file upload_38.pdb (PDB, C-alpha atoms and all ligand atoms)
ATOM      1  CA  MET R 233      -4.918 -14.000 -18.975
ATOM      2  CA  PRO R 234      -1.579 -15.431 -20.091
ATOM      3  CA  ILE R 235      -0.592 -18.819 -18.725
ATOM      4  CA  ARG R 236       1.709 -18.343 -15.724
ATOM      5  CA  PRO R 237       4.610 -20.751 -15.808
ATOM      6  CA  SER R 238       5.176 -22.164 -12.357
ATOM      7  CA  ILE R 239       8.899 -21.858 -11.717
ATOM      8  CA  PRO R 240      10.509 -22.601  -8.326
ATOM      9  CA  ARG R 241      11.656 -19.420  -6.565
ATOM     10  CA  PRO R 242      15.453 -20.099  -6.647
ATOM     11  CA  VAL R 243      15.302 -20.939 -10.348
ATOM     12  CA  LEU R 244      13.347 -17.784 -11.028
ATOM     13  CA  ALA R 245      15.857 -15.720  -9.049
ATOM     14  CA  GLY R 246      18.628 -17.163 -11.247
ATOM     15  CA  LEU R 247      16.688 -16.375 -14.383
ATOM     16  CA  LEU R 248      16.186 -12.815 -13.223
ATOM     17  CA  LEU R 249      19.912 -12.406 -12.672
ATOM     18  CA  VAL R 250      20.617 -13.631 -16.189
ATOM     19  CA  ALA R 251      17.921 -11.336 -17.526
ATOM     20  CA  THR R 252      19.425  -8.331 -15.749
ATOM     21  CA  GLY R 253      22.463  -8.210 -18.015
ATOM     22  CA  ALA R 254      20.323  -8.009 -21.123
ATOM     23  CA  ALA R 255      17.835  -5.749 -19.409
ATOM     24  CA  LEU R 256      20.445  -3.245 -18.283
ATOM     25  CA  ALA R 257      21.510  -2.879 -21.876
ATOM     26  CA  ALA R 258      18.004  -1.734 -22.794
ATOM     27  CA  THR R 259      17.741   2.034 -22.767
ATOM     28  CA  GLU R 260      14.026   2.331 -23.449
ATOM     29  CA  ASP R 261      11.292   1.288 -21.056
ATOM     30  CA  ALA R 262       9.703  -1.940 -22.175
ATOM     31  CA  PRO R 263       5.953  -1.666 -22.805
ATOM     32  CA  GLN R 264       4.141  -2.005 -19.473
ATOM     33  CA  ASP R 265       1.061  -4.011 -20.256
ATOM     34  CA  GLY R 266       0.069  -7.005 -22.297
ATOM     35  CA  ARG R 267       3.665  -7.874 -22.990
ATOM     36  CA  PRO R 268       4.808 -11.467 -23.206
ATOM     37  CA  TRP R 269       5.994 -13.121 -20.016
ATOM     38  CA  LEU R 270       9.710 -12.947 -20.887
ATOM     39  CA  LEU R 271       9.551  -9.240 -21.652
ATOM     40  CA  ARG R 272       8.249  -8.618 -18.156
ATOM     41  CA  LEU R 273      11.720  -9.530 -16.931
ATOM     42  CA  PHE R 274      12.911  -6.159 -18.183
ATOM     43  CA  PRO R 275      13.249  -3.671 -15.335
ATOM     44  CA  ASN R 276      10.537  -1.039 -15.179
ATOM     45  CA  ILE R 277      12.572   0.871 -12.608
ATOM     46  CA  ALA R 278      16.342   1.277 -12.974
ATOM     47  CA  PRO R 279      18.036  -0.740 -10.193
ATOM     48  CA  ALA R 280      20.655   0.824  -7.926
ATOM     49  CA  THR R 281      24.153   0.251  -9.261
ATOM     50  CA  GLN R 282      26.597   2.528  -7.458
ATOM     51  CA  PRO R 283      28.946   0.400  -5.292
ATOM     52  CA  ALA R 284      29.163   2.786  -2.299
ATOM     53  CA  TYR R 285      25.385   3.125  -2.230
ATOM     54  CA  LEU R 286      24.813  -0.642  -2.462
ATOM     55  CA  GLU R 287      27.282  -1.113   0.384
ATOM     56  CA  GLU R 288      26.069   1.618   2.766
ATOM     57  CA  CYS R 289      22.361   1.637   2.039
ATOM     58  CA  GLY R 290      21.628  -1.980   1.189
ATOM     59  CA  SER R 291      22.304  -3.801   4.462
ATOM     60  CA  CYS R 292      19.034  -3.219   6.370
ATOM     61  CA  HIS R 293      16.653  -3.067   3.425
ATOM     62  CA  LEU R 294      16.819  -3.136  -0.364
ATOM     63  CA  ALA R 295      19.186  -0.484  -1.742
ATOM     64  CA  TYR R 296      16.167   1.361  -3.115
ATOM     65  CA  PRO R 297      16.329   2.376  -6.774
ATOM     66  CA  PRO R 298      17.168   6.113  -6.909
ATOM     67  CA  GLY R 299      14.097   6.626  -9.131
ATOM     68  CA  VAL R 300      11.547   5.897  -6.397
ATOM     69  CA  LEU R 301      11.919   9.260  -4.623
ATOM     70  CA  PRO R 302      12.231  12.849  -5.864
ATOM     71  CA  ALA R 303      15.591  14.630  -5.442
ATOM     72  CA  ALA R 304      14.361  16.837  -2.583
ATOM     73  CA  SER R 305      13.416  13.738  -0.563
ATOM     74  CA  TRP R 306      16.847  12.140  -1.039
ATOM     75  CA  ASP R 307      18.469  15.435  -0.076
ATOM     76  CA  ARG R 308      16.462  15.534   3.137
ATOM     77  CA  ILE R 309      17.199  11.872   3.989
ATOM     78  CA  LEU R 310      20.948  12.476   3.544
ATOM     79  CA  ALA R 311      21.123  15.572   5.795
ATOM     80  CA  PRO R 312      23.444  14.826   8.772
ATOM     81  CA  GLU R 313      20.614  15.239  11.318
ATOM     82  CA  SER R 314      18.411  12.843   9.303
ATOM     83  CA  LEU R 315      21.151  10.200   9.081
ATOM     84  CA  ALA R 316      21.689  10.442  12.855
ATOM     85  CA  ASP R 317      18.017   9.491  13.328
ATOM     86  CA  HIS R 318      17.194   7.424  10.246
ATOM     87  CA  TYR R 319      13.652   6.187  10.964
ATOM     88  CA  GLY R 320      14.923   5.350  14.449
ATOM     89  CA  ASP R 321      18.409   4.074  13.519
ATOM     90  CA  ASP R 322      21.722   5.948  13.555
ATOM     91  CA  THR R 323      23.136   5.654  10.022
ATOM     92  CA  SER R 324      25.624   8.534  10.218
ATOM     93  CA  LEU R 325      28.388   8.444   7.584
ATOM     94  CA  PRO R 326      31.507  10.517   6.794
ATOM     95  CA  ASP R 327      30.792  13.773   4.900
ATOM     96  CA  ASP R 328      32.673  12.823   1.730
ATOM     97  CA  LEU R 329      30.770   9.558   1.460
ATOM     98  CA  VAL R 330      27.445  11.317   1.996
ATOM     99  CA  ALA R 331      28.373  13.804  -0.761
ATOM    100  CA  GLU R 332      29.020  10.902  -3.131
ATOM    101  CA  LEU R 333      25.701   9.234  -2.280
ATOM    102  CA  ARG R 334      23.844  12.535  -2.595
ATOM    103  CA  THR R 335      25.180  13.150  -6.121
ATOM    104  CA  TYR R 336      24.260   9.629  -7.197
ATOM    105  CA  LEU R 337      20.740   9.622  -5.725
ATOM    106  CA  MET R 338      19.797  13.163  -6.739
ATOM    107  CA  THR R 339      21.064  12.787 -10.318
ATOM    108  CA  ASN R 340      18.949   9.667 -10.792
ATOM    109  CA  ALA R 341      15.911  10.770  -8.770
ATOM    110  CA  ALA R 342      12.288  10.248  -9.828
ATOM    111  CA  ASP R 343      11.693  13.861 -10.870
ATOM    112  CA  ARG R 344      14.812  13.799 -13.076
ATOM    113  CA  SER R 345      13.929  10.553 -14.838
ATOM    114  CA  ALA R 346      12.327   9.952 -18.224
ATOM    115  CA  ARG R 347      10.937   6.534 -17.213
ATOM    116  CA  ILE R 348       7.163   6.490 -16.777
ATOM    117  CA  ARG R 349       7.245   4.284 -13.675
ATOM    118  CA  GLU R 350       9.858   6.480 -11.983
ATOM    119  CA  ARG R 351       8.030   9.729 -12.831
ATOM    120  CA  ALA R 352       5.039   8.281 -10.973
ATOM    121  CA  PHE R 353       7.147   8.354  -7.774
ATOM    122  CA  ALA R 354       8.066  12.031  -8.292
ATOM    123  CA  VAL R 355       4.989  13.263  -6.437
ATOM    124  CA  PRO R 356       6.026  13.347  -2.763
ATOM    125  CA  ASP R 357       3.987  12.433   0.296
ATOM    126  CA  PRO R 358       1.429  15.288   0.484
ATOM    127  CA  ALA R 359       1.268  15.012   4.269
ATOM    128  CA  GLY R 360       5.077  15.107   4.558
ATOM    129  CA  SER R 361       6.013  17.058   7.657
ATOM    130  CA  ASP R 362       9.126  18.733   9.025
ATOM    131  CA  THR R 363       9.458  16.120  11.726
ATOM    132  CA  GLU R 364       8.970  12.907   9.732
ATOM    133  CA  LEU R 365      11.433  11.800   7.065
ATOM    134  CA  PRO R 366       9.969  11.303   3.585
ATOM    135  CA  ARG R 367       8.982   7.771   2.654
ATOM    136  CA  ILE R 368       8.597   5.917  -0.638
ATOM    137  CA  THR R 369       5.752   4.045   1.036
ATOM    138  CA  ALA R 370       3.922   7.331   1.721
ATOM    139  CA  THR R 371       3.990   8.637  -1.854
ATOM    140  CA  PRO R 372       0.542   8.802  -3.496
ATOM    141  CA  TYR R 373       1.611   6.400  -6.262
ATOM    142  CA  PHE R 374       2.876   3.808  -3.774
ATOM    143  CA  ILE R 375      -0.323   4.011  -1.727
ATOM    144  CA  ARG R 376      -2.459   3.717  -4.847
ATOM    145  CA  LYS R 377      -0.668   0.507  -5.811
ATOM    146  CA  HIS R 378      -0.615  -1.116  -2.349
ATOM    147  CA  HIS R 379      -3.726   0.026  -0.462
ATOM    148  CA  ARG R 380      -5.634  -3.174  -1.200
ATOM    149  CA  ILE R 381      -3.022  -5.402   0.433
ATOM    150  CA  PRO R 382      -4.198  -6.229   3.969
ATOM    151  CA  GLY R 383      -1.884  -5.663   6.962
ATOM    152  CA  SER R 384      -2.144  -9.360   7.814
ATOM    153  CA  LEU R 385       0.097 -10.013   4.800
ATOM    154  CA  VAL R 386       2.579  -7.223   5.607
ATOM    155  CA  THR R 387       3.219  -5.894   9.129
ATOM    156  CA  ASP R 388       1.627  -8.965  10.754
ATOM    157  CA  ASN R 389       3.622 -11.250   8.464
ATOM    158  CA  PRO R 390       7.071 -11.956   9.994
ATOM    159  CA  GLU R 391       8.454 -12.875   6.558
ATOM    160  CA  VAL R 392       7.593  -9.424   5.186
ATOM    161  CA  GLY R 393       7.842  -7.071   8.196
ATOM    162  CA  SER R 394       6.834  -3.830   6.504
ATOM    163  CA  PHE R 395       6.143  -2.279   3.134
ATOM    164  CA  SER R 396       9.712  -0.890   3.248
ATOM    165  CA  GLN R 397      10.988  -4.422   2.483
ATOM    166  CA  CYS R 398      10.138  -4.290  -1.248
ATOM    167  CA  ASN R 399      12.177  -7.355  -2.177
ATOM    168  CA  HIS R 400      10.295  -9.615   0.259
ATOM    169  CA  CYS R 401       7.363  -9.487  -2.183
ATOM    170  CA  HIS R 402       8.822  -8.166  -5.453
ATOM    171  CA  ILE R 403      11.082 -11.097  -6.246
ATOM    172  CA  GLY R 404      12.812  -9.158  -9.044
ATOM    173  CA  ALA R 405      13.298  -5.939  -7.017
ATOM    174  CA  GLU R 406      17.091  -6.074  -7.001
ATOM    175  CA  ALA R 407      17.014  -6.117 -10.796
ATOM    176  CA  GLY R 408      14.493  -3.259 -10.917
ATOM    177  CA  ILE R 409      11.540  -5.484 -11.799
ATOM    178  CA  PHE R 410       8.449  -4.303  -9.914
ATOM    179  CA  ASP R 411       5.885  -5.663 -12.351
ATOM    180  CA  GLU R 412       2.721  -6.529 -10.450
ATOM    181  CA  ARG R 413       2.694  -9.947 -12.091
ATOM    182  CA  LEU R 414       6.047 -10.807 -10.540
ATOM    183  CA  VAL R 415       4.982 -10.445  -6.917
ATOM    184  CA  GLU R 416       5.097 -13.308  -4.426
ATOM    185  CA  ILE R 417       3.987 -12.494  -0.911
ATOM    186  CA  PRO R 418       5.650 -14.965   1.506
ATOM    187  CA  GLY R 419       3.109 -17.349   3.029
ATOM    188  CA  PHE R 420       0.457 -16.130   0.625
ATOM    189  CA  GLY R 421       1.835 -16.643  -2.857
ATOM    190  CA  ARG R 422       1.325 -14.929  -6.121
ATOM    191  CA  TRP R 423      -0.807 -11.779  -6.077
ATOM    192  CA  LYS R 424      -3.780 -11.796  -8.415
ATOM    193  CA  ASP R 425      -6.074  -8.858  -8.987
TER     194      ASP R 425
HETATM  195  C1  LIG S 501      21.190   0.275  10.155
HETATM  196  C2  LIG S 501      20.125  -0.079   9.201
HETATM  197  C3  LIG S 501      19.889   0.892   8.046
HETATM  198  C4  LIG S 501      20.797   1.379   7.133
HETATM  199  C5  LIG S 501      22.294   1.122   7.054
HETATM  200  C6  LIG S 501      20.045   2.228   6.226
HETATM  201  N1  LIG S 501      18.711   2.196   6.537
HETATM  202 FE1  LIG S 501      17.205   3.091   5.506
HETATM  203  N2  LIG S 501      15.872   2.408   6.862
HETATM  204  C7  LIG S 501      16.165   1.651   7.977
HETATM  205  C8  LIG S 501      14.951   1.407   8.745
HETATM  206  C9  LIG S 501      14.842   0.617  10.040
HETATM  207  C10 LIG S 501      13.902   2.024   8.013
HETATM  208  C11 LIG S 501      12.408   2.022   8.357
HETATM  209  C12 LIG S 501      11.817   0.737   7.821
HETATM  210  C13 LIG S 501      10.391   0.506   8.255
HETATM  211  O1  LIG S 501       9.675   1.456   8.572
HETATM  212  O2  LIG S 501       9.986  -0.672   8.244
HETATM  213  C14 LIG S 501      14.516   2.639   6.838
HETATM  214  C15 LIG S 501      13.818   3.309   5.859
HETATM  215  C16 LIG S 501      14.369   3.928   4.761
HETATM  216  C17 LIG S 501      13.619   4.638   3.738
HETATM  217  C18 LIG S 501      12.105   4.802   3.703
HETATM  218  C19 LIG S 501      11.460   3.514   3.222
HETATM  219  C20 LIG S 501       9.945   3.651   3.196
HETATM  220  O3  LIG S 501       9.299   3.097   4.086
HETATM  221  O4  LIG S 501       9.441   4.304   2.278
HETATM  222  C21 LIG S 501      14.522   5.128   2.832
HETATM  223  C22 LIG S 501      14.218   5.945   1.593
HETATM  224  C23 LIG S 501      15.836   4.731   3.286
HETATM  225  N3  LIG S 501      15.704   3.978   4.448
HETATM  226  C24 LIG S 501      17.022   5.056   2.659
HETATM  227  C25 LIG S 501      18.272   4.710   3.138
HETATM  228  C26 LIG S 501      19.516   5.222   2.596
HETATM  229  C27 LIG S 501      19.635   6.217   1.459
HETATM  230  C28 LIG S 501      20.527   4.639   3.324
HETATM  231  C29 LIG S 501      22.019   4.864   3.179
HETATM  232  C30 LIG S 501      22.483   6.211   3.497
HETATM  233  C31 LIG S 501      19.913   3.761   4.308
HETATM  234  N4  LIG S 501      18.559   3.839   4.169
HETATM  235  C32 LIG S 501      20.617   2.960   5.202
HETATM  236  C33 LIG S 501      17.402   1.178   8.337
HETATM  237  C34 LIG S 501      18.582   1.421   7.665
HETATM  238  C1  LIG S 502       3.618  -7.078   0.961
HETATM  239  C2  LIG S 502       4.218  -7.218  -0.342
HETATM  240  C3  LIG S 502       4.769  -5.960  -1.029
HETATM  241  C4  LIG S 502       5.773  -5.127  -0.594
HETATM  242  C5  LIG S 502       6.577  -5.238   0.683
HETATM  243  C6  LIG S 502       5.938  -4.123  -1.616
HETATM  244  N1  LIG S 502       5.060  -4.342  -2.642
HETATM  245 FE1  LIG S 502       4.906  -3.270  -4.374
HETATM  246  N2  LIG S 502       3.316  -4.377  -4.943
HETATM  247  C7  LIG S 502       2.811  -5.460  -4.249
HETATM  248  C8  LIG S 502       1.638  -5.954  -4.959
HETATM  249  C9  LIG S 502       0.770  -7.143  -4.528
HETATM  250  C10 LIG S 502       1.457  -5.138  -6.088
HETATM  251  C11 LIG S 502       0.344  -5.221  -7.140
HETATM  252  C12 LIG S 502      -0.847  -4.480  -6.582
HETATM  253  C13 LIG S 502      -2.041  -4.483  -7.505
HETATM  254  O1  LIG S 502      -1.911  -4.080  -8.640
HETATM  255  O2  LIG S 502      -3.121  -4.874  -7.044
HETATM  256  C14 LIG S 502       2.540  -4.147  -6.051
HETATM  257  C15 LIG S 502       2.722  -3.169  -7.015
HETATM  258  C16 LIG S 502       3.848  -2.344  -7.090
HETATM  259  C17 LIG S 502       4.148  -1.455  -8.188
HETATM  260  C18 LIG S 502       3.325  -1.304  -9.457
HETATM  261  C19 LIG S 502       3.708  -2.415 -10.422
HETATM  262  C20 LIG S 502       2.876  -2.472 -11.646
HETATM  263  O3  LIG S 502       3.109  -3.392 -12.464
HETATM  264  O4  LIG S 502       1.980  -1.637 -11.817
HETATM  265  C21 LIG S 502       5.328  -0.831  -7.900
HETATM  266  C22 LIG S 502       6.083   0.149  -8.756
HETATM  267  C23 LIG S 502       5.743  -1.295  -6.583
HETATM  268  N3  LIG S 502       4.821  -2.223  -6.124
HETATM  269  C24 LIG S 502       6.880  -0.877  -5.924
HETATM  270  C25 LIG S 502       7.207  -1.246  -4.623
HETATM  271  C26 LIG S 502       8.315  -0.691  -3.874
HETATM  272  C27 LIG S 502       9.288   0.368  -4.398
HETATM  273  C28 LIG S 502       8.308  -1.287  -2.642
HETATM  274  C29 LIG S 502       9.198  -1.033  -1.463
HETATM  275  C30 LIG S 502       9.346   0.370  -1.027
HETATM  276  C31 LIG S 502       7.199  -2.250  -2.642
HETATM  277  N4  LIG S 502       6.555  -2.176  -3.845
HETATM  278  C32 LIG S 502       6.870  -3.088  -1.571
HETATM  279  C33 LIG S 502       3.324  -6.008  -3.097
HETATM  280  C34 LIG S 502       4.332  -5.456  -2.321
END
call {"tool": "encode", "arguments": {"input": "upload_38.pdb", "output": "structure tokens", "more": "lines below"}}
Ligand code: HEC
Ligand code: HEC
result
Amino acid sequence: MPIRPSIPRPVLAGLLLVATGAALAATEDAPQDGRPWLLRLFPNIAPATQPAYLEECGSCHLAYPPGVLPAASWDRILAPESLADHYGDDTSLPDDLVAELRTYLMTNAADRSARIRERAFAVPDPAGSDTELPRITATPYFIRKHHRIPGSLVTDNPEVGSFSQCNHCHIGAEAGIFDERLVEIPGFGRWKD
């Protein structure tokens, strides 16, 4: 195991922001495993960048990277009737704005991506129904990666709330860094296999 430098959270957040500039310039996915600590600061999922999307879809939870759901799921989530009952909230928006968000999300969706980590999210929730909206947290890949984390650290943890709050544990989420070695669960600490 590599030595884990112990860096205070705010300092690390600053470092991640600095790293984002360089990381965004990288067009290829960085190697996923066994890479040196600094290289892990490269995003393995492209972060959301479109201003209207960040503004409209980033206030209640992370503005999820477009590459964590397939295009058909984004399309369904952005239907007017879905926005009127968005997992229990009314998030209705003007038609022209929705059209802009739809183009952005569908163009960059998981099933249209060349990134390995995003392709993994292209397989939708197999139990997806007509009544429930699709969820990132119900995709087989998400479940495979998170099923060992006990509920006491998530839904029963007021500082996390639910698995939908990616950035409460993935401290680099806003920069697209979801590397399992850069996870800090509030009140629990760094996750080790
Ligand atoms: C008014 C608050 C609010 C806004 C604004 C909002 N959402 Fe949500 N969103 C929620 C809530 C609440 C949930 C359910 C979270 C949970 O189950 O813990 C959710 C869940 C989601 C999920 C599923 C996450 C999962 O669990 O896999 C997606 C995808 C999503 N939102 C996309 C969007 C998009 C796209 C927009 C912009 C059009 C948006 N949200 C705007 C409140 C909001
Ligand atoms: C309660 C904390 C928590 C939340 C919330 C959470 N994750 Fe995770 N995530 C983890 C942990 C811990 C791992 C590593 C699991 C393992 O390998 O044992 C992980 C692993 C991952 C991985 C695989 C990383 C790798 O290096 O293989 C991805 C991708 C990921 N999460 C995406 C997400 C997304 C997207 C969300 C929000 C929809 C999210 N996570 C929400 C804790 C969390």
call {"tool": "closest_residue", "arguments": {"input": "upload_38.pdb", "among": "R:Ala295, R:Ala342, R:Val300, R:Ile348", "to": "ligand LIG 502 (chain S)", "atoms": "all atoms listed in the file"}}
result
R:Val300
call {"tool": "resolve_selection", "arguments": {"input": "upload_38.pdb", "expression": "the PyMOL selection byres (((not hetatm)) within 8 of (chain S and resi 501))", "output": "ChimeraX atom specification"}}
result
/R:285,288-293,295-296,301,306,309-310,315,318-325,330,333,365-370,393-397
call {"tool": "closest_residue", "arguments": {"input": "upload_38.pdb", "among": "R:Ala303, R:Leu294, R:Met338, R:Leu286", "to": "ligand LIG 502 (chain S)", "atoms": "all atoms listed in the file"}}
result
R:Leu294
call {"tool": "closest_residue", "arguments": {"input": "upload_38.pdb", "among": "R:Pro382, R:Tyr336, R:Ala352, R:Ile417", "to": "ligand LIG 502 (chain S)", "atoms": "all atoms listed in the file"}}
result
R:Ile417
call {"tool": "resolve_selection", "arguments": {"input": "upload_38.pdb", "expression": "the PyMOL selection byres (((chain R and resi 398-408) around 6) and not hetatm)", "output": "list in words"}}
result
Thr252, Pro275, Ile277, Ala278, Pro279, Val392, Ser396, Gln397, Ile409, Phe410, Val415, Glu416 and Ile417 of chain R
call {"tool": "write_last_selection", "arguments": {"input": "upload_38.pdb", "atoms": "C-alpha atoms", "output": "short mmCIF file (atom, residue, chain, number, x, y, z; two decimals), in the coordinates of the input"}}
result
data_model
loop_
_atom_site.label_atom_id
_atom_site.label_comp_id
_atom_site.auth_asym_id
_atom_site.auth_seq_id
_atom_site.Cartn_x
_atom_site.Cartn_y
_atom_site.Cartn_z
CA THR R 252 19.42 -8.33 -15.75
CA PRO R 275 13.25 -3.67 -15.34
CA ILE R 277 12.57 0.87 -12.61
CA ALA R 278 16.34 1.28 -12.97
CA PRO R 279 18.04 -0.74 -10.19
CA VAL R 392 7.59 -9.42 5.19
CA SER R 396 9.71 -0.89 3.25
CA GLN R 397 10.99 -4.42 2.48
CA ILE R 409 11.54 -5.48 -11.80
CA PHE R 410 8.45 -4.30 -9.91
CA VAL R 415 4.98 -10.44 -6.92
CA GLU R 416 5.10 -13.31 -4.43
CA ILE R 417 3.99 -12.49 -0.91
#
call {"tool": "atom_distance", "arguments": {"input": "upload_38.pdb", "atom1": "atom CA of Ala341 of chain R", "atom2": "atom CA of Leu414 of chain R"}}
result
23.8 Å
call {"tool": "closest_residue", "arguments": {"input": "upload_38.pdb", "among": "R:Glu350, R:Glu364, R:Asp357, R:Glu332", "to": "ligand LIG 502 (chain S)", "atoms": "only C-alpha atoms and all ligand atoms"}}
result
R:Glu350
call {"tool": "closest_residue", "arguments": {"input": "upload_38.pdb", "among": "R:Pro326, R:Pro297, R:Pro358, R:Pro390", "to": "ligand LIG 502 (chain S)", "atoms": "all atoms listed in the file"}}
result
R:Pro297
call {"tool": "atom_distance", "arguments": {"input": "upload_38.pdb", "atom1": "atom CA of Pro312 of chain R", "atom2": "atom CA of Ile375 of chain R"}}
result
28.1 Å
call {"tool": "atom_distance", "arguments": {"input": "upload_38.pdb", "atom1": "atom C34 of ligand LIG 502 (chain S)", "atom2": "atom CA of Gly383 of chain R"}}
result
11.2 Å
call {"tool": "closest_residue", "arguments": {"input": "upload_38.pdb", "among": "R:Val355, R:Ala280, R:Glu287, R:Pro418", "to": "Ser305 of chain R", "atoms": "only C-alpha atoms"}}
result
R:Val355
call {"tool": "axis_aligned_box", "arguments": {"input": "upload_38.pdb", "around": "ligand LIG 502 (chain S)", "padding_each_side": "6 Å", "output": "JSON"}}
result
{"center_x": 3.1, "center_y": -3.4, "center_z": -5.8, "size_x": 24.5, "size_y": 19.6, "size_z": 25.4}
call {"tool": "decode", "arguments": {"input": "upload_38.pdb", "residues": "segment 281-342 of chain R", "atoms": "C-alpha atoms", "output": "CSV table (one decimal), in the first residue's frame"}}
result
chain,number,residue,atom,x,y,z
R,281,THR,CA,-19.3,22.3,-16.6
R,282,GLN,CA,-22.3,23.8,-18.3
R,283,PRO,CA,-23.3,27.0,-16.4
R,284,ALA,CA,-27.1,26.6,-16.7
R,285,TYR,CA,-26.9,23.0,-15.5
R,286,LEU,CA,-24.6,23.9,-12.5
R,287,GLU,CA,-27.1,26.7,-11.6
R,288,GLU,CA,-30.4,24.8,-11.9
R,289,CYS,CA,-29.3,21.3,-10.9
R,290,GLY,CA,-26.6,21.9,-8.4
R,291,SER,CA,-28.4,23.6,-5.5
R,292,CYS,CA,-29.9,20.5,-3.7
R,293,HIS,CA,-27.3,18.0,-4.5
R,294,LEU,CA,-24.1,17.8,-6.5
R,295,ALA,CA,-24.6,18.8,-10.1
R,296,TYR,CA,-24.1,15.2,-11.1
R,297,PRO,CA,-21.5,14.5,-13.9
R,298,PRO,CA,-23.5,13.9,-17.1
R,299,GLY,CA,-21.5,10.6,-17.5
R,300,VAL,CA,-23.1,8.8,-14.6
R,301,LEU,CA,-26.4,8.1,-16.3
R,302,PRO,CA,-27.3,6.9,-19.8
R,303,ALA,CA,-29.0,9.3,-22.2
R,304,ALA,CA,-32.5,7.6,-21.9
R,305,SER,CA,-32.4,8.2,-18.1
R,306,TRP,CA,-31.6,11.9,-18.4
R,307,ASP,CA,-34.3,12.2,-21.0
R,308,ARG,CA,-36.8,10.7,-18.6
R,309,ILE,CA,-35.7,12.8,-15.7
R,310,LEU,CA,-36.1,16.0,-17.8
R,311,ALA,CA,-39.7,15.2,-19.0
R,312,PRO,CA,-42.1,17.9,-17.7
R,313,GLU,CA,-44.1,15.4,-15.6
R,314,SER,CA,-40.8,14.1,-14.1
R,315,LEU,CA,-39.6,17.6,-13.2
R,316,ALA,CA,-42.9,18.4,-11.6
R,317,ASP,CA,-42.4,15.5,-9.2
R,318,HIS,CA,-38.6,15.2,-9.0
R,319,TYR,CA,-38.1,12.5,-6.3
R,320,GLY,CA,-40.8,14.3,-4.3
R,321,ASP,CA,-39.7,17.9,-5.2
R,322,ASP,CA,-41.2,20.3,-7.8
R,323,THR,CA,-38.2,21.3,-10.0
R,324,SER,CA,-40.2,22.5,-13.0
R,325,LEU,CA,-38.3,24.8,-15.4
R,326,PRO,CA,-39.1,26.8,-18.6
R,327,ASP,CA,-39.2,24.7,-21.8
R,328,ASP,CA,-36.2,26.4,-23.5
R,329,LEU,CA,-34.0,25.9,-20.4
R,330,VAL,CA,-35.0,22.2,-20.2
R,331,ALA,CA,-34.1,21.8,-23.9
R,332,GLU,CA,-30.7,23.3,-23.2
R,333,LEU,CA,-30.1,21.0,-20.2
R,334,ARG,CA,-31.3,18.0,-22.2
R,335,THR,CA,-28.9,18.6,-25.1
R,336,TYR,CA,-26.0,19.0,-22.6
R,337,LEU,CA,-26.8,15.9,-20.5
R,338,MET,CA,-27.7,13.6,-23.4
R,339,THR,CA,-24.7,14.5,-25.5
R,340,ASN,CA,-22.3,13.7,-22.6
R,341,ALA,CA,-24.2,10.7,-21.2
R,342,ALA,CA,-22.6,7.5,-20.0
